[in-house]
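What follows is entry.txt (compact mmCIF, C-alpha atoms and all ligand atoms).
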# COMPACT_ATOMS: atom_id res chain seq x y z
CA MET A 243 16.23 125.60 74.48
CA LYS A 244 16.31 124.78 78.17
CA LYS A 245 16.55 127.84 80.47
CA ASN A 246 18.54 128.04 83.73
CA LEU A 247 21.43 126.08 82.36
CA PHE A 248 24.67 125.78 84.27
CA ILE A 249 27.61 125.45 81.87
CA ALA A 250 31.23 125.00 82.95
CA PHE A 251 34.20 125.58 80.67
CA GLU A 252 37.29 123.49 81.22
CA GLY A 253 40.72 123.21 79.63
CA ILE A 254 44.38 123.94 80.21
CA ASP A 255 45.57 127.54 80.41
CA GLY A 256 45.40 129.18 77.00
CA SER A 257 42.87 126.67 75.66
CA GLY A 258 40.44 129.46 74.74
CA LYS A 259 37.95 129.25 77.59
CA SER A 260 37.43 132.96 78.13
CA THR A 261 37.14 133.51 74.37
CA GLN A 262 34.40 130.84 74.15
CA VAL A 263 32.65 132.04 77.32
CA LYS A 264 32.18 135.43 75.64
CA LEU A 265 30.95 133.94 72.35
CA LEU A 266 28.51 131.60 74.09
CA SER A 267 27.23 134.39 76.31
CA TYR A 268 26.60 136.53 73.24
CA ASN A 269 24.72 133.71 71.49
CA LEU A 270 22.64 132.92 74.58
CA GLN A 271 21.68 136.55 75.10
CA ASN A 272 20.65 136.82 71.46
CA ALA A 273 18.41 133.80 72.05
CA GLY A 274 16.73 135.61 74.96
CA HIS A 275 18.56 134.11 77.94
CA LYS A 276 19.57 136.12 81.00
CA VAL A 277 23.26 135.22 81.35
CA TYR A 278 25.47 135.39 84.43
CA LEU A 279 29.20 134.98 83.81
CA THR A 280 31.46 133.81 86.58
CA CYS A 281 34.81 132.10 87.11
CA GLU A 282 37.05 130.18 89.49
CA PRO A 283 39.03 131.14 91.41
CA THR A 284 36.29 133.67 92.21
CA ASP A 285 36.60 137.36 93.10
CA SER A 286 35.74 136.61 96.73
CA PRO A 287 38.31 137.04 99.54
CA ILE A 288 38.97 133.29 99.35
CA GLY A 289 39.50 133.47 95.59
CA LYS A 290 41.81 136.43 96.12
CA LEU A 291 44.03 134.34 98.42
CA ILE A 292 44.33 131.74 95.67
CA ARG A 293 45.24 134.40 93.08
CA ASP A 294 47.85 135.84 95.45
CA ILE A 295 49.52 132.43 95.66
CA PHE A 296 49.35 132.00 91.85
CA ASN A 297 50.93 135.40 91.32
CA HIS A 298 53.69 134.67 93.84
CA ARG A 299 52.49 137.44 96.20
CA MET A 300 51.94 134.84 98.90
CA GLU A 301 53.46 131.44 99.62
CA GLY A 302 51.14 128.43 99.70
CA ASP A 303 51.57 124.66 99.61
CA HIS A 304 49.59 122.67 97.00
CA ARG A 305 47.56 121.11 99.81
CA THR A 306 46.66 124.57 101.09
CA ILE A 307 45.65 125.60 97.57
CA ALA A 308 43.47 122.49 97.26
CA GLY A 309 41.70 123.40 100.53
CA LEU A 310 41.22 127.00 99.45
CA PHE A 311 39.61 125.82 96.20
CA VAL A 312 37.17 123.64 98.14
CA ALA A 313 36.13 126.66 100.22
CA ASP A 314 36.07 129.05 97.26
CA ARG A 315 33.83 126.70 95.30
CA LEU A 316 31.39 126.24 98.18
CA ASP A 317 31.11 130.01 98.54
CA HIS A 318 30.78 130.31 94.77
CA LEU A 319 27.72 128.06 94.96
CA LEU A 320 26.19 129.13 98.26
CA ASN A 321 26.87 132.86 98.56
CA LYS A 322 23.50 134.47 99.32
CA THR A 323 24.14 137.56 97.19
CA ASN A 324 25.77 136.31 94.03
CA GLY A 325 26.15 132.54 94.46
CA ILE A 326 25.53 130.30 91.45
CA LEU A 327 22.53 128.61 93.10
CA LYS A 328 20.95 132.01 93.78
CA LYS A 329 21.57 133.15 90.20
CA LEU A 330 19.99 129.98 88.82
CA GLU A 331 16.99 130.54 91.09
CA GLU A 332 16.70 134.06 89.67
CA GLY A 333 16.41 132.59 86.19
CA TYR A 334 19.92 133.15 84.89
CA THR A 335 21.82 130.78 82.70
CA VAL A 336 25.17 130.60 84.47
CA ILE A 337 28.48 130.09 82.67
CA SER A 338 31.54 129.43 84.79
CA ASP A 339 35.09 129.63 83.50
CA ARG A 340 36.33 126.55 85.43
CA TYR A 341 34.54 124.40 88.03
CA CYS A 342 35.14 121.03 89.73
CA PHE A 343 37.07 119.36 86.89
CA SER A 344 39.72 122.09 87.15
CA SER A 345 40.41 120.98 90.71
CA TYR A 346 40.51 117.32 89.71
CA ALA A 347 43.02 118.12 86.95
CA TYR A 348 45.16 120.83 88.58
CA GLN A 349 45.20 119.66 92.19
CA GLY A 350 45.13 116.06 90.94
CA THR A 351 48.64 116.59 89.54
CA HIS A 352 49.95 117.11 93.09
CA MET A 353 47.82 114.83 95.23
CA PRO A 354 45.64 111.73 94.83
CA MET A 355 42.73 112.49 92.56
CA GLU A 356 40.35 110.42 94.72
CA TRP A 357 41.07 112.83 97.59
CA VAL A 358 40.39 115.87 95.41
CA ILE A 359 37.11 114.37 94.17
CA GLU A 360 36.04 113.49 97.71
CA ALA A 361 37.03 116.94 99.05
CA ASN A 362 34.81 118.57 96.43
CA SER A 363 31.95 116.12 96.79
CA ILE A 364 29.65 118.55 98.61
CA SER A 365 29.91 121.04 95.73
CA ALA A 366 29.50 118.36 93.08
CA GLY A 367 26.50 116.98 95.00
CA LEU A 368 24.91 120.43 95.20
CA LEU A 369 25.29 121.17 91.50
CA ARG A 370 26.71 119.34 88.53
CA PRO A 371 26.90 121.31 85.27
CA ASP A 372 24.28 120.60 82.61
CA LEU A 373 27.38 120.48 80.45
CA ASN A 374 31.14 120.57 81.06
CA ILE A 375 32.72 121.91 77.88
CA TYR A 376 36.34 120.79 77.54
CA LEU A 377 38.50 122.65 75.04
CA ASP A 378 41.29 120.29 74.13
CA ILE A 379 44.52 121.77 72.80
CA PRO A 380 48.08 120.45 72.72
CA PRO A 381 49.97 121.80 75.77
CA GLU A 382 52.58 123.28 73.40
CA ALA A 383 49.86 125.37 71.74
CA GLY A 384 48.62 126.52 75.16
CA MET A 385 52.13 127.63 76.12
CA THR A 386 52.57 129.53 72.84
CA ARG A 387 49.27 131.34 73.33
CA LEU A 388 50.17 132.23 76.93
CA ASN A 389 53.64 133.46 76.00
CA ASN A 390 52.15 135.69 73.31
CA ASN A 391 49.67 137.24 75.67
CA ARG A 392 50.99 137.43 79.19
CA SER A 393 53.65 139.64 80.69
CA SER A 394 54.15 137.22 83.60
CA ILE A 395 53.62 133.50 83.99
CA GLU A 396 51.58 132.10 86.88
CA LEU A 397 52.35 129.17 89.16
CA TYR A 398 50.86 126.42 86.97
CA GLU A 399 51.82 127.80 83.59
CA THR A 400 54.79 125.66 82.55
CA LEU A 401 54.79 123.23 79.64
CA GLU A 402 55.42 120.25 81.88
CA ASN A 403 52.55 121.19 84.14
CA LEU A 404 50.16 121.80 81.24
CA LYS A 405 51.00 118.30 79.96
CA ASN A 406 50.30 116.80 83.38
CA VAL A 407 47.08 118.76 83.75
CA ARG A 408 45.83 117.67 80.33
CA SER A 409 46.42 114.03 81.19
CA LYS A 410 44.68 114.47 84.57
CA TYR A 411 41.66 116.01 82.83
CA LEU A 412 41.41 112.91 80.65
CA GLU A 413 41.78 110.66 83.70
CA ALA A 414 39.05 112.56 85.58
CA PHE A 415 36.65 112.44 82.61
CA ASP A 416 37.09 108.69 82.48
CA LEU A 417 36.68 108.24 86.26
CA LEU A 418 33.48 110.29 86.32
CA LYS A 419 31.96 109.30 82.98
CA THR A 420 28.80 107.92 84.55
CA LYS A 421 28.21 111.03 86.68
CA GLU A 422 29.23 114.03 84.59
CA LYS A 423 28.20 115.25 81.16
CA VAL A 424 31.33 116.27 79.25
CA PHE A 425 31.51 117.70 75.75
CA SER A 426 35.12 117.55 74.59
CA LEU A 427 36.16 119.31 71.43
CA ASP A 428 39.27 120.25 69.49
CA GLY A 429 40.15 123.76 70.65
CA ASN A 430 42.92 124.17 68.10
CA ARG A 431 40.66 125.57 65.39
CA ALA A 432 39.18 128.95 64.58
CA PRO A 433 37.14 130.38 67.50
CA HIS A 434 33.91 130.77 65.46
CA ILE A 435 33.99 127.09 64.40
CA ILE A 436 34.38 125.97 68.01
CA ALA A 437 31.62 128.37 69.11
CA SER A 438 29.25 126.99 66.53
CA GLU A 439 29.84 123.36 67.65
CA ILE A 440 29.25 124.40 71.26
CA TRP A 441 26.04 126.15 70.26
CA THR A 442 24.73 123.04 68.48
CA GLU A 443 25.53 120.90 71.53
CA ILE A 444 23.81 123.29 73.92
CA ALA A 445 20.77 123.62 71.71
CA GLY A 446 20.42 119.84 71.97
CA LEU A 447 20.39 119.75 75.78
CA SER A 448 17.04 118.65 77.13
P1 LIG B 501 41.95 130.68 78.53
O1 LIG B 501 40.84 131.53 79.08
O2 LIG B 501 41.57 129.25 78.38
O3 LIG B 501 43.27 130.84 79.24
P2 LIG B 501 41.86 132.55 76.34
O4 LIG B 501 40.47 132.55 75.79
O5 LIG B 501 42.26 133.70 77.22
O6 LIG B 501 42.20 131.16 77.03
O7 LIG B 501 42.84 132.45 75.09
C1 LIG B 501 44.25 132.52 75.24
C2 LIG B 501 44.83 133.26 74.02
O8 LIG B 501 44.62 132.48 72.86
C3 LIG B 501 44.14 134.61 73.77
O9 LIG B 501 45.09 135.52 73.29
C4 LIG B 501 43.13 134.30 72.70
O10 LIG B 501 42.90 135.42 71.86
C5 LIG B 501 43.81 133.19 71.93
N1 LIG B 501 42.82 132.23 71.39
C6 LIG B 501 41.64 131.88 71.96
N2 LIG B 501 40.99 130.97 71.20
C7 LIG B 501 41.80 130.72 70.14
C8 LIG B 501 41.70 129.86 68.98
N3 LIG B 501 40.63 129.06 68.81
N4 LIG B 501 42.72 129.87 68.10
C9 LIG B 501 43.80 130.67 68.29
N5 LIG B 501 43.98 131.51 69.35
C10 LIG B 501 42.98 131.55 70.26
Could you render the structure as structure tokens?
Amino acid sequence: MKKNLFIAFEGIDGSGKSTQVKLLSYNLQNAGHKVYLTCEPTDSPIGKLIRDIFNHRMEGDHRTIAGLFVADRLDHLLNKTNGILKKLEEGYTVISDRYCFSSYAYQGTHMPMEWVIEANSISAGLLRPDLNIYLDIPPEAGMTRLNNNRSSIELYETLENLKNVRSKYLEAFDLLKTKEKVFSLDGNRAPHIIASEIWTEIAGLS
């Protein structure tokens, strides 16, 4: 299997990304890969600003959020200590819970998607994932999972928004089908079945 992979997980809130990130990481480590797990928004000061807006600790317009994501992603890639590019150079396989498609889908529900794609074009030009893994679940199922597991609901976590975000994901996949490699699968099944399909797909990457 190819080393130094960069894999991004995508999907609406509650789609099972963090569950699958853990299972894939476990499988990769068993196969002898050094794995670096990361996520967006990141833990950097820029990512923290985004989380503060999501958690209603700070006020922020959607356009401000879109700009913060552009900056957070660039730092995520370029940071000299723990940036994705550095980690890949060091021989890690990097798995990110969310990357560019999350911006296209989430910010794309509030502003023109072409703008969001253009605003993130430096990041996308620096590094496109070897595979974007999209966990597709009905927005109603995402809401149920979130309600069962969260004490508070974040900015984007309403049923209407999850429906919009899902449709924007599909729009973005179509717009970028010649540029991005996307593996879309039904996330409304048992976690181990999903993990095994992901493993087969990754094993086939050349
Ligand atoms: P995300 O990171 O996409 O928000 P999580 O992995 O945190 O999603 O999953 C959200 C909730 O749904 C968690 O409680 C998790 O245990 C549960 N969950 C994850 N995958 C599945 C699945 N395939 N079927 C049912 N429940 C799941």
Which one of A:Asp339, A:Asp314, A:Glu331, A:Glu301 sits closest to ligand LIG 501 (chain B) if you count all atoms listed in the file?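 Nearest candidate to ligand LIG 501 (chain B) out of A:Asp339, A:Asp314, A:Glu331, A:Glu301: A:Asp339.
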Would you compute the distance between atom CA of A:Lys244 and atom CA of A:Asn430? Give it in Å to one decimal.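 Pair atom CA of A:Lys244 / atom CA of A:Asn430 returns 28.5 Å.
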Excluding A:Pro354 and residues on its chain fewer than 4 positions from it, collect all residues at most 12 Å away from it, counting only C-alpha atoms, and give them as an mmCIF file with C-alpha atoms, in the frame of the given file.
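What ended up in around.cif:
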data_model
loop_
_atom_site.group_PDB
_atom_site.id
_atom_site.type_symbol
_atom_site.label_atom_id
_atom_site.label_comp_id
_atom_site.auth_asym_id
_atom_site.auth_seq_id
_atom_site.Cartn_x
_atom_site.Cartn_y
_atom_site.Cartn_z
ATOM 1 C CA HIS A 304 49.590 122.670 97.000
ATOM 2 C CA ARG A 305 47.560 121.110 99.810
ATOM 3 C CA ALA A 308 43.470 122.490 97.260
ATOM 4 C CA SER A 345 40.410 120.980 90.710
ATOM 5 C CA TYR A 346 40.510 117.320 89.710
ATOM 6 C CA ALA A 347 43.020 118.120 86.950
ATOM 7 C CA TYR A 348 45.160 120.830 88.580
ATOM 8 C CA GLN A 349 45.200 119.660 92.190
ATOM 9 C CA GLY A 350 45.130 116.060 90.940
ATOM 10 C CA VAL A 358 40.390 115.870 95.410
ATOM 11 C CA ILE A 359 37.110 114.370 94.170
ATOM 12 C CA GLU A 360 36.040 113.490 97.710
ATOM 13 C CA ALA A 361 37.030 116.940 99.050
ATOM 14 C CA LYS A 410 44.680 114.470 84.570
ATOM 15 C CA GLU A 413 41.780 110.660 83.700
ATOM 16 C CA ALA A 414 39.050 112.560 85.580
#
Near stretch 247-260 of chain A, counting only C-alpha atoms, which residues have an atom at most 6 Å away, once you skip same-chain residues fewer than 4 positions from it, shown as a list in words?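 Final neighbour list, sorted by chain and number: Thr335, Val336, Ile337, Ser338, Asp339, Arg340, Pro371, Asp372, Leu373, Asn374, Ile375, Tyr376, Leu377, Ile379, Gly384, Arg387 and Leu388 of chain A.
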Could you save those same residues with C-alpha atoms as an mmCIF file, keeping the file's coordinate frame?
data_model
loop_
_atom_site.group_PDB
_atom_site.id
_atom_site.type_symbol
_atom_site.label_atom_id
_atom_site.label_comp_id
_atom_site.auth_asym_id
_atom_site.auth_seq_id
_atom_site.Cartn_x
_atom_site.Cartn_y
_atom_site.Cartn_z
ATOM 1 C CA THR A 335 21.820 130.780 82.700
ATOM 2 C CA VAL A 336 25.170 130.600 84.470
ATOM 3 C CA ILE A 337 28.480 130.090 82.670
ATOM 4 C CA SER A 338 31.540 129.430 84.790
ATOM 5 C CA ASP A 339 35.090 129.630 83.500
ATOM 6 C CA ARG A 340 36.330 126.550 85.430
ATOM 7 C CA PRO A 371 26.900 121.310 85.270
ATOM 8 C CA ASP A 372 24.280 120.600 82.610
ATOM 9 C CA LEU A 373 27.380 120.480 80.450
ATOM 10 C CA ASN A 374 31.140 120.570 81.060
ATOM 11 C CA ILE A 375 32.720 121.910 77.880
ATOM 12 C CA TYR A 376 36.340 120.790 77.540
ATOM 13 C CA LEU A 377 38.500 122.650 75.040
ATOM 14 C CA ILE A 379 44.520 121.770 72.800
ATOM 15 C CA GLY A 384 48.620 126.520 75.160
ATOM 16 C CA ARG A 387 49.270 131.340 73.330
ATOM 17 C CA LEU A 388 50.170 132.230 76.930
#
Test item: residues at most 9 Å from A:Leu291, all atoms listed in the file, excluding those fewer than 6 positions along its chain, as a PDB file with C-alpha atoms, in the coordinates of the input:
ATOM      1  CA  MET A 300      51.940 134.840  98.900  1.00  0.00           C
ATOM      2  CA  ILE A 307      45.650 125.600  97.570  1.00  0.00           C
ATOM      3  CA  LEU A 310      41.220 127.000  99.450  1.00  0.00           C
TER       4      LEU A 310
END
So, counting all atoms listed in the file, which residue among A:Ala445, A:Met385, A:Pro283, A:Thr400 is closest to ligand LIG 501 (chain B)?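 The answer is A:Met385, which sits nearest to ligand LIG 501 (chain B).
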In Å, with one decimal, what is the gap from atom CA of A:Ala437 to atom CA of A:Glu422?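 According to the coordinates, atom CA of A:Ala437 and atom CA of A:Glu422 are separated by 21.2 Å.
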Counting all atoms listed in the file, which residue out of A:Ser438, A:Thr261, A:Asn297, A:Thr284 sits closest to ligand LIG 501 (chain B)?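 Of all the options, A:Thr261 lies closest to ligand LIG 501 (chain B).
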Closest of A:Glu402, A:Glu443, A:Asp303, A:Glu396 to ligand LIG 501 (chain B), counting only C-alpha atoms and all ligand atoms, is A:Glu396
Around the point (16.3, 127.4, 80.5) (coordinates from the file), which residues reach within 10 Å if we count all atoms listed in the file? Answer as a list in words.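 I get Met243, Lys244, Lys245, Asn246, Leu247, Phe248, Gly274, His275, Lys276, Leu330, Gly333, Tyr334, Thr335, Leu447 and Ser448 of chain A for the residues within 10 Å of that point.
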May I ask for the distance between atom CA of A:Gly446 and atom CA of A:Ser426, given in Å to one decimal place?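 Separation between atom CA of A:Gly446 and atom CA of A:Ser426: 15.1 Å.
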